[in-house]
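Structure file my_file_12.txt; described as compact mmCIF, N, CA and C atoms.
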```
# COMPACT_ATOMS: atom_id res chain seq x y z
N MET A 6 -4.62 -3.17 -31.82
CA MET A 6 -4.67 -4.57 -31.44
C MET A 6 -6.12 -4.96 -31.21
N SER A 7 -6.54 -5.99 -31.84
CA SER A 7 -7.92 -6.43 -31.64
C SER A 7 -7.96 -7.47 -30.54
N ILE A 8 -9.00 -7.40 -29.75
CA ILE A 8 -9.17 -8.33 -28.65
C ILE A 8 -10.17 -9.38 -29.08
N PRO A 9 -9.75 -10.64 -29.04
CA PRO A 9 -10.70 -11.68 -29.43
C PRO A 9 -11.86 -11.73 -28.46
N THR A 10 -13.03 -11.86 -29.00
CA THR A 10 -14.23 -11.95 -28.18
C THR A 10 -14.64 -13.41 -28.10
N PRO A 11 -14.48 -14.00 -26.89
CA PRO A 11 -14.86 -15.40 -26.76
C PRO A 11 -16.36 -15.57 -26.92
N THR A 12 -16.72 -16.70 -27.41
CA THR A 12 -18.13 -17.02 -27.53
C THR A 12 -18.66 -17.36 -26.15
N PRO A 13 -19.64 -16.62 -25.66
CA PRO A 13 -20.16 -16.89 -24.33
C PRO A 13 -20.82 -18.26 -24.27
N THR A 14 -20.65 -18.90 -23.12
CA THR A 14 -21.32 -20.18 -22.93
C THR A 14 -22.62 -19.92 -22.19
N THR A 15 -23.59 -20.71 -22.48
CA THR A 15 -24.88 -20.50 -21.81
C THR A 15 -25.05 -21.53 -20.71
N GLN A 16 -25.50 -21.04 -19.56
CA GLN A 16 -25.80 -21.94 -18.45
C GLN A 16 -27.24 -22.43 -18.58
N SER A 17 -28.07 -21.57 -19.04
CA SER A 17 -29.46 -21.92 -19.29
C SER A 17 -29.89 -21.10 -20.49
N LYS A 18 -31.11 -21.25 -20.87
CA LYS A 18 -31.60 -20.50 -22.02
C LYS A 18 -31.66 -19.01 -21.75
N GLU A 19 -31.72 -18.60 -20.47
CA GLU A 19 -31.91 -17.20 -20.14
C GLU A 19 -30.64 -16.49 -19.71
N SER A 20 -29.61 -17.19 -19.18
CA SER A 20 -28.44 -16.49 -18.68
C SER A 20 -27.19 -16.84 -19.49
N VAL A 21 -26.32 -15.86 -19.62
CA VAL A 21 -25.06 -16.03 -20.34
C VAL A 21 -23.95 -15.66 -19.37
N THR A 22 -22.89 -16.47 -19.31
CA THR A 22 -21.80 -16.16 -18.39
C THR A 22 -20.80 -15.24 -19.05
N CYS A 23 -20.16 -14.45 -18.25
CA CYS A 23 -19.10 -13.56 -18.71
C CYS A 23 -17.81 -14.37 -18.78
N PRO A 24 -17.04 -14.26 -19.85
CA PRO A 24 -15.82 -15.06 -19.96
C PRO A 24 -14.78 -14.69 -18.90
N MET A 25 -14.89 -13.52 -18.30
CA MET A 25 -13.93 -13.09 -17.28
C MET A 25 -14.38 -13.45 -15.87
N ASP A 26 -15.55 -14.01 -15.71
CA ASP A 26 -16.14 -14.26 -14.41
C ASP A 26 -15.21 -15.05 -13.50
N PHE A 27 -14.63 -16.12 -14.00
CA PHE A 27 -13.78 -16.99 -13.19
C PHE A 27 -12.61 -16.21 -12.59
N ILE A 28 -11.90 -15.49 -13.42
CA ILE A 28 -10.71 -14.79 -12.95
C ILE A 28 -11.06 -13.61 -12.05
N LEU A 29 -12.13 -12.89 -12.37
CA LEU A 29 -12.51 -11.76 -11.54
C LEU A 29 -12.97 -12.22 -10.16
N ARG A 30 -13.70 -13.31 -10.10
CA ARG A 30 -14.14 -13.84 -8.80
C ARG A 30 -12.93 -14.24 -7.95
N MET A 31 -11.94 -14.82 -8.59
CA MET A 31 -10.74 -15.23 -7.87
C MET A 31 -9.98 -14.01 -7.35
N LEU A 32 -9.82 -13.01 -8.19
CA LEU A 32 -9.08 -11.81 -7.80
C LEU A 32 -9.82 -10.99 -6.75
N MET A 33 -11.14 -11.10 -6.71
CA MET A 33 -11.93 -10.36 -5.73
C MET A 33 -11.86 -10.99 -4.35
N GLY A 34 -11.31 -12.17 -4.24
CA GLY A 34 -11.22 -12.82 -2.94
C GLY A 34 -10.44 -11.95 -1.96
N PRO A 35 -10.74 -12.09 -0.68
CA PRO A 35 -10.07 -11.25 0.31
C PRO A 35 -8.56 -11.45 0.28
N TRP A 36 -7.82 -10.36 0.25
CA TRP A 36 -6.36 -10.32 0.30
C TRP A 36 -5.66 -10.80 -0.97
N THR A 37 -6.38 -11.30 -1.93
CA THR A 37 -5.76 -11.92 -3.11
C THR A 37 -4.85 -10.95 -3.85
N THR A 38 -5.33 -9.76 -4.14
CA THR A 38 -4.50 -8.83 -4.90
C THR A 38 -3.27 -8.41 -4.11
N TYR A 39 -3.39 -8.29 -2.78
CA TYR A 39 -2.24 -7.95 -1.95
C TYR A 39 -1.17 -9.04 -2.04
N ILE A 40 -1.59 -10.28 -1.99
CA ILE A 40 -0.66 -11.41 -2.05
C ILE A 40 0.03 -11.44 -3.42
N LEU A 41 -0.76 -11.35 -4.47
CA LEU A 41 -0.18 -11.38 -5.82
C LEU A 41 0.76 -10.20 -6.04
N TYR A 42 0.37 -9.03 -5.56
CA TYR A 42 1.22 -7.84 -5.70
C TYR A 42 2.56 -8.06 -5.01
N ASN A 43 2.53 -8.58 -3.79
CA ASN A 43 3.77 -8.78 -3.05
C ASN A 43 4.66 -9.85 -3.67
N LEU A 44 4.08 -10.93 -4.14
CA LEU A 44 4.88 -11.96 -4.81
C LEU A 44 5.46 -11.41 -6.11
N ARG A 45 4.70 -10.61 -6.79
CA ARG A 45 5.15 -10.01 -8.04
C ARG A 45 6.24 -8.98 -7.81
N THR A 46 6.08 -8.17 -6.79
CA THR A 46 7.02 -7.10 -6.51
C THR A 46 8.31 -7.59 -5.85
N HIS A 47 8.18 -8.50 -4.91
CA HIS A 47 9.33 -8.93 -4.10
C HIS A 47 9.85 -10.31 -4.45
N GLY A 48 9.21 -10.99 -5.39
CA GLY A 48 9.68 -12.30 -5.80
C GLY A 48 9.31 -13.38 -4.80
N PRO A 49 9.91 -14.57 -4.94
CA PRO A 49 9.58 -15.70 -4.06
C PRO A 49 9.79 -15.33 -2.59
N GLN A 50 8.85 -15.79 -1.76
CA GLN A 50 8.91 -15.46 -0.33
C GLN A 50 8.47 -16.64 0.51
N ARG A 51 9.03 -16.70 1.70
CA ARG A 51 8.57 -17.68 2.68
C ARG A 51 7.31 -17.13 3.34
N PHE A 52 6.58 -18.02 3.99
CA PHE A 52 5.29 -17.67 4.58
C PHE A 52 5.39 -16.48 5.52
N GLY A 53 6.31 -16.52 6.47
CA GLY A 53 6.43 -15.44 7.46
C GLY A 53 6.75 -14.10 6.83
N GLU A 54 7.61 -14.10 5.83
CA GLU A 54 7.96 -12.87 5.13
C GLU A 54 6.75 -12.30 4.41
N LEU A 55 6.01 -13.17 3.75
CA LEU A 55 4.81 -12.73 3.04
C LEU A 55 3.77 -12.21 4.02
N LYS A 56 3.62 -12.88 5.16
CA LYS A 56 2.66 -12.43 6.18
C LYS A 56 3.03 -11.05 6.70
N ARG A 57 4.31 -10.76 6.89
CA ARG A 57 4.73 -9.42 7.35
C ARG A 57 4.44 -8.36 6.28
N ARG A 58 4.59 -8.73 5.03
CA ARG A 58 4.38 -7.75 3.96
C ARG A 58 2.90 -7.47 3.70
N VAL A 59 2.06 -8.46 3.94
CA VAL A 59 0.62 -8.29 3.77
C VAL A 59 0.06 -7.96 5.16
N SER A 60 0.28 -6.74 5.55
CA SER A 60 -0.04 -6.28 6.89
C SER A 60 -1.52 -6.47 7.22
N GLY A 61 -1.78 -7.08 8.37
CA GLY A 61 -3.15 -7.24 8.84
C GLY A 61 -3.79 -8.58 8.53
N ILE A 62 -3.17 -9.38 7.68
CA ILE A 62 -3.74 -10.69 7.34
C ILE A 62 -3.39 -11.70 8.43
N SER A 63 -4.35 -12.57 8.75
CA SER A 63 -4.09 -13.62 9.73
C SER A 63 -3.39 -14.79 9.04
N ALA A 64 -2.71 -15.60 9.83
CA ALA A 64 -2.03 -16.78 9.29
C ALA A 64 -3.04 -17.71 8.63
N LYS A 65 -4.21 -17.86 9.24
CA LYS A 65 -5.25 -18.74 8.69
C LYS A 65 -5.71 -18.24 7.32
N MET A 66 -5.96 -16.94 7.20
CA MET A 66 -6.43 -16.38 5.94
C MET A 66 -5.35 -16.45 4.87
N LEU A 67 -4.11 -16.17 5.24
CA LEU A 67 -3.02 -16.25 4.27
C LEU A 67 -2.88 -17.68 3.76
N THR A 68 -2.94 -18.64 4.65
CA THR A 68 -2.87 -20.05 4.25
C THR A 68 -4.00 -20.40 3.29
N GLU A 69 -5.22 -19.96 3.62
CA GLU A 69 -6.39 -20.24 2.78
C GLU A 69 -6.23 -19.62 1.39
N ARG A 70 -5.82 -18.37 1.34
CA ARG A 70 -5.67 -17.69 0.04
C ARG A 70 -4.55 -18.30 -0.78
N LEU A 71 -3.43 -18.65 -0.14
CA LEU A 71 -2.33 -19.28 -0.87
C LEU A 71 -2.76 -20.62 -1.45
N ARG A 72 -3.52 -21.38 -0.69
CA ARG A 72 -4.01 -22.67 -1.19
C ARG A 72 -4.95 -22.47 -2.39
N THR A 73 -5.80 -21.46 -2.29
CA THR A 73 -6.70 -21.17 -3.41
C THR A 73 -5.91 -20.76 -4.65
N LEU A 74 -4.94 -19.88 -4.47
CA LEU A 74 -4.12 -19.43 -5.60
C LEU A 74 -3.26 -20.56 -6.16
N GLU A 75 -2.80 -21.43 -5.29
CA GLU A 75 -2.05 -22.60 -5.75
C GLU A 75 -2.96 -23.53 -6.55
N GLY A 76 -4.19 -23.72 -6.07
CA GLY A 76 -5.16 -24.56 -6.78
C GLY A 76 -5.51 -24.01 -8.15
N ALA A 77 -5.44 -22.68 -8.29
CA ALA A 77 -5.74 -22.04 -9.58
C ALA A 77 -4.49 -21.93 -10.45
N ALA A 78 -3.39 -22.48 -9.98
CA ALA A 78 -2.11 -22.49 -10.69
C ALA A 78 -1.53 -21.10 -10.89
N LEU A 79 -1.83 -20.18 -9.96
CA LEU A 79 -1.27 -18.84 -10.02
C LEU A 79 -0.03 -18.72 -9.11
N VAL A 80 -0.01 -19.54 -8.08
CA VAL A 80 1.09 -19.52 -7.11
C VAL A 80 1.66 -20.93 -7.00
N LYS A 81 2.99 -20.98 -6.90
CA LYS A 81 3.69 -22.25 -6.74
C LYS A 81 4.22 -22.34 -5.31
N ARG A 82 4.05 -23.51 -4.70
CA ARG A 82 4.54 -23.76 -3.35
C ARG A 82 5.72 -24.72 -3.45
N ASP A 83 6.90 -24.24 -3.08
CA ASP A 83 8.11 -25.07 -3.09
C ASP A 83 8.41 -25.51 -1.67
N TYR A 84 8.48 -26.83 -1.46
CA TYR A 84 8.72 -27.39 -0.13
C TYR A 84 10.08 -28.06 -0.11
N GLU A 85 10.89 -27.68 0.87
CA GLU A 85 12.18 -28.34 1.08
C GLU A 85 12.14 -29.02 2.43
N ALA A 86 12.43 -30.32 2.45
CA ALA A 86 12.37 -31.10 3.68
C ALA A 86 13.64 -30.88 4.51
N THR A 87 13.72 -29.70 5.10
CA THR A 87 14.83 -29.38 5.99
C THR A 87 14.26 -29.24 7.39
N ILE A 88 15.14 -29.01 8.36
CA ILE A 88 14.67 -28.79 9.72
C ILE A 88 15.04 -27.36 10.09
N PRO A 89 14.10 -26.47 10.29
CA PRO A 89 12.67 -26.64 10.03
C PRO A 89 12.40 -26.67 8.53
N PRO A 90 11.24 -27.19 8.14
CA PRO A 90 10.92 -27.25 6.71
C PRO A 90 10.92 -25.85 6.10
N LYS A 91 11.38 -25.75 4.86
CA LYS A 91 11.41 -24.46 4.17
C LYS A 91 10.36 -24.49 3.06
N VAL A 92 9.38 -23.60 3.17
CA VAL A 92 8.33 -23.49 2.17
C VAL A 92 8.41 -22.09 1.57
N THR A 93 8.51 -22.03 0.25
CA THR A 93 8.62 -20.76 -0.46
C THR A 93 7.48 -20.67 -1.47
N TYR A 94 6.90 -19.49 -1.55
CA TYR A 94 5.81 -19.24 -2.49
C TYR A 94 6.29 -18.29 -3.57
N SER A 95 5.87 -18.55 -4.80
CA SER A 95 6.23 -17.69 -5.93
C SER A 95 5.10 -17.73 -6.95
N LEU A 96 5.13 -16.77 -7.86
CA LEU A 96 4.14 -16.78 -8.94
C LEU A 96 4.54 -17.81 -9.99
N THR A 97 3.56 -18.45 -10.55
CA THR A 97 3.79 -19.36 -11.66
C THR A 97 3.81 -18.55 -12.95
N LYS A 98 4.08 -19.21 -14.04
CA LYS A 98 4.01 -18.53 -15.34
C LYS A 98 2.61 -17.98 -15.55
N ARG A 99 1.63 -18.76 -15.17
CA ARG A 99 0.23 -18.32 -15.29
C ARG A 99 -0.03 -17.09 -14.42
N GLY A 100 0.51 -17.08 -13.22
CA GLY A 100 0.37 -15.92 -12.34
C GLY A 100 1.04 -14.69 -12.94
N GLY A 101 2.16 -14.90 -13.61
CA GLY A 101 2.87 -13.81 -14.26
C GLY A 101 2.10 -13.21 -15.42
N GLU A 102 1.17 -13.97 -15.97
CA GLU A 102 0.35 -13.44 -17.08
C GLU A 102 -0.52 -12.27 -16.63
N LEU A 103 -0.69 -12.12 -15.33
CA LEU A 103 -1.51 -11.03 -14.80
C LEU A 103 -0.73 -9.72 -14.67
N ASP A 104 0.58 -9.74 -14.94
CA ASP A 104 1.41 -8.54 -14.76
C ASP A 104 0.85 -7.31 -15.47
N GLU A 105 0.59 -7.42 -16.75
CA GLU A 105 0.10 -6.27 -17.52
C GLU A 105 -1.26 -5.80 -17.00
N VAL A 106 -2.11 -6.74 -16.69
CA VAL A 106 -3.45 -6.39 -16.19
C VAL A 106 -3.33 -5.67 -14.86
N MET A 107 -2.48 -6.19 -13.97
CA MET A 107 -2.32 -5.57 -12.65
C MET A 107 -1.66 -4.20 -12.77
N ASP A 108 -0.70 -4.06 -13.69
CA ASP A 108 -0.08 -2.75 -13.92
C ASP A 108 -1.14 -1.74 -14.36
N ARG A 109 -1.96 -2.15 -15.29
CA ARG A 109 -3.00 -1.24 -15.82
C ARG A 109 -4.02 -0.89 -14.74
N LEU A 110 -4.44 -1.89 -13.96
CA LEU A 110 -5.38 -1.62 -12.87
C LEU A 110 -4.76 -0.67 -11.85
N ALA A 111 -3.47 -0.84 -11.56
CA ALA A 111 -2.79 0.05 -10.62
C ALA A 111 -2.77 1.47 -11.15
N GLU A 112 -2.50 1.65 -12.45
CA GLU A 112 -2.51 2.99 -13.05
C GLU A 112 -3.88 3.63 -12.92
N ILE A 113 -4.90 2.87 -13.22
CA ILE A 113 -6.26 3.40 -13.13
C ILE A 113 -6.60 3.74 -11.68
N ALA A 114 -6.22 2.87 -10.75
CA ALA A 114 -6.51 3.11 -9.33
C ALA A 114 -5.85 4.38 -8.83
N VAL A 115 -4.59 4.61 -9.21
CA VAL A 115 -3.88 5.82 -8.79
C VAL A 115 -4.56 7.06 -9.37
N ARG A 116 -4.93 6.98 -10.65
CA ARG A 116 -5.58 8.12 -11.30
C ARG A 116 -6.93 8.41 -10.65
N TRP A 117 -7.73 7.37 -10.44
CA TRP A 117 -9.05 7.56 -9.82
C TRP A 117 -8.92 8.12 -8.41
N GLU A 118 -7.95 7.62 -7.66
CA GLU A 118 -7.75 8.10 -6.30
C GLU A 118 -7.42 9.60 -6.32
N ALA A 119 -6.57 10.02 -7.23
CA ALA A 119 -6.21 11.44 -7.36
C ALA A 119 -7.43 12.26 -7.78
N GLU A 120 -8.21 11.76 -8.73
CA GLU A 120 -9.41 12.47 -9.17
C GLU A 120 -10.41 12.62 -8.03
N ASP A 121 -10.60 11.53 -7.27
CA ASP A 121 -11.54 11.58 -6.14
C ASP A 121 -11.07 12.56 -5.07
N ALA A 122 -9.75 12.58 -4.80
CA ALA A 122 -9.21 13.52 -3.81
C ALA A 122 -9.42 14.95 -4.27
N ALA A 123 -9.23 15.21 -5.56
CA ALA A 123 -9.44 16.55 -6.10
C ALA A 123 -10.91 16.95 -5.99
N GLN A 124 -11.82 16.03 -6.25
CA GLN A 124 -13.25 16.32 -6.14
C GLN A 124 -13.64 16.60 -4.68
N ARG A 125 -13.08 15.82 -3.75
CA ARG A 125 -13.38 16.07 -2.33
C ARG A 125 -12.86 17.45 -1.91
N ALA A 126 -11.67 17.80 -2.37
CA ALA A 126 -11.10 19.11 -2.03
C ALA A 126 -11.95 20.23 -2.61
N ALA A 127 -12.43 20.06 -3.85
CA ALA A 127 -13.28 21.07 -4.49
C ALA A 127 -14.59 21.22 -3.73
N ARG A 128 -15.20 20.11 -3.32
CA ARG A 128 -16.44 20.17 -2.55
C ARG A 128 -16.22 20.84 -1.20
N ALA A 129 -15.10 20.55 -0.56
CA ALA A 129 -14.79 21.18 0.73
C ALA A 129 -14.59 22.68 0.56
N ALA A 130 -13.94 23.07 -0.52
CA ALA A 130 -13.73 24.50 -0.79
C ALA A 130 -15.07 25.19 -1.05
N GLU A 131 -15.96 24.52 -1.78
CA GLU A 131 -17.29 25.09 -2.05
C GLU A 131 -18.08 25.23 -0.76
N ALA A 132 -17.94 24.26 0.12
CA ALA A 132 -18.68 24.30 1.38
C ALA A 132 -18.18 25.45 2.26
N ARG A 133 -16.90 25.76 2.17
CA ARG A 133 -16.34 26.86 2.95
C ARG A 133 -16.60 28.22 2.30
N ALA A 134 -16.91 28.25 1.02
CA ALA A 134 -17.08 29.50 0.28
C ALA A 134 -18.12 30.42 0.90
N PRO A 135 -19.32 29.94 1.28
CA PRO A 135 -20.31 30.85 1.89
C PRO A 135 -19.79 31.46 3.19
N GLU A 136 -19.04 30.70 3.97
CA GLU A 136 -18.47 31.23 5.20
C GLU A 136 -17.51 32.38 4.89
N ASN A 137 -16.66 32.16 3.90
CA ASN A 137 -15.69 33.18 3.51
C ASN A 137 -16.41 34.42 2.95
N LEU A 138 -17.49 34.21 2.21
CA LEU A 138 -18.25 35.32 1.65
C LEU A 138 -18.82 36.18 2.76
N GLY A 139 -19.36 35.52 3.81
CA GLY A 139 -19.89 36.24 4.96
C GLY A 139 -18.82 37.01 5.68
N GLU A 140 -17.63 36.42 5.82
CA GLU A 140 -16.52 37.11 6.47
C GLU A 140 -16.09 38.32 5.65
N LEU A 141 -16.09 38.19 4.31
CA LEU A 141 -15.71 39.30 3.45
C LEU A 141 -16.69 40.45 3.57
N ARG A 142 -17.98 40.13 3.60
CA ARG A 142 -19.01 41.17 3.72
C ARG A 142 -18.91 41.87 5.08
N ALA A 143 -18.64 41.12 6.13
CA ALA A 143 -18.54 41.71 7.46
C ALA A 143 -17.34 42.64 7.55
N ALA A 144 -16.29 42.32 6.83
CA ALA A 144 -15.08 43.14 6.84
C ALA A 144 -15.30 44.44 6.08
N GLU A 145 -16.22 44.46 5.15
CA GLU A 145 -16.47 45.68 4.34
C GLU A 145 -17.14 46.66 5.18
```
Now that the file is in, can you turn its structure into structure tokens?
Amino acid sequence: MSIPTPTPTTQSKESVTCPMDFILRMLMGPWTTYILYNLRTHGPQRFGELKRRVSGISAKMLTERLRTLEGAALVKRDYEATIPPKVTYSLTKRGGELDEVMDRLAEIAVRWEAEDAAQRAARAAEARAPENLGELRAAE
């Protein structure tokens, strides 16, 4: 499969923007990937439910991130005028377009985490090796 290479736009004569800059900046926002992951995994959710699932996020930050994602057309806010009002958040079709990308990033993250853990364990074993060598010599 060939990936189309967009023609970069120039901001000035010296700098060229990356075509992925907009989306990467949005995804790098605090808590953004957690919110998208939870909406993707658990489907439409009310604010309180989403706040419980995104452990550690404040109500203010969750509101801010949801508004940003809604403004980018990644999240849809459904409001029902009931008492109390019912507000449900879900991914839009555009938000769903990130599924494959997020799946792939998750695979890479799991693999890298395992590789890093293995490297830390190997370094720890190497650090203990001289101690064990000394113990072996003393036992002889």
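Counting only N, CA and C atoms, Ser95 (chain A) has the following residues at most 8 Å away, ignoring those fewer than 6 positions along the same chain: Leu44, Arg45, Gly48, Pro49, Gln50, Arg51, Leu79, Val80, Lys81, Arg82, Asp83 and Gly101 of chain A.
With CA of Met33 (chain A) on one side and CA of Phe52 (chain A) on the other, the separation reads 21.4 Å.
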State, in Å with one decimal place, the distance from CA of Met66 (chain A) to CA of Asp108 (chain A). 24.9 Å
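Running DSSP on the backbone gives strand (DSSP E) for these residues within region 36-117 of chain A: Gln50, Arg51, Val80, Lys81, Arg82, Asp83, Tyr84, Glu85, Lys91, Val92, Thr93, Tyr94, Ser95 and Leu96 of chain A.
Closest approach to Thr68 (chain A) from the set A:Leu55, A:Ala122, A:Leu110, A:Leu32 is made by A:Leu55, with distances taken over only C-alpha atoms.
Here CA of Glu112 (chain A) and atom C of Thr22 (chain A) stand 26.5 Å from one another.
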Report as a list in words all protein, DNA and RNA residues lying within 8 Å of region 70-72 of chain A, evaluated on only C-alpha atoms, omitting residues in the same chain fewer than 3 positions from it. Gly34, Pro35, Trp36, Thr37, Met66, Leu67, Glu75, Gly76 and Val80 of chain A
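When all atoms listed in the file are used to compute distances to Leu96 (chain A), the closest of the residues A:Met31, A:Ala130, A:Ile62, A:Leu41 turns out to be A:Leu41.
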As a PyMOL selection string, list the residues of region 8-137 of chain A assigned to alpha helix (DSSP H) by DSSP on the backbone atoms of this structure. chain A and resi 26-32+37-47+52-58+64-76+98-101+104-137
Residue among A:Lys91, A:Arg58, A:Arg125, A:Arg133 lying closest to Tyr39 (chain A), counting all atoms listed in the file: A:Arg58
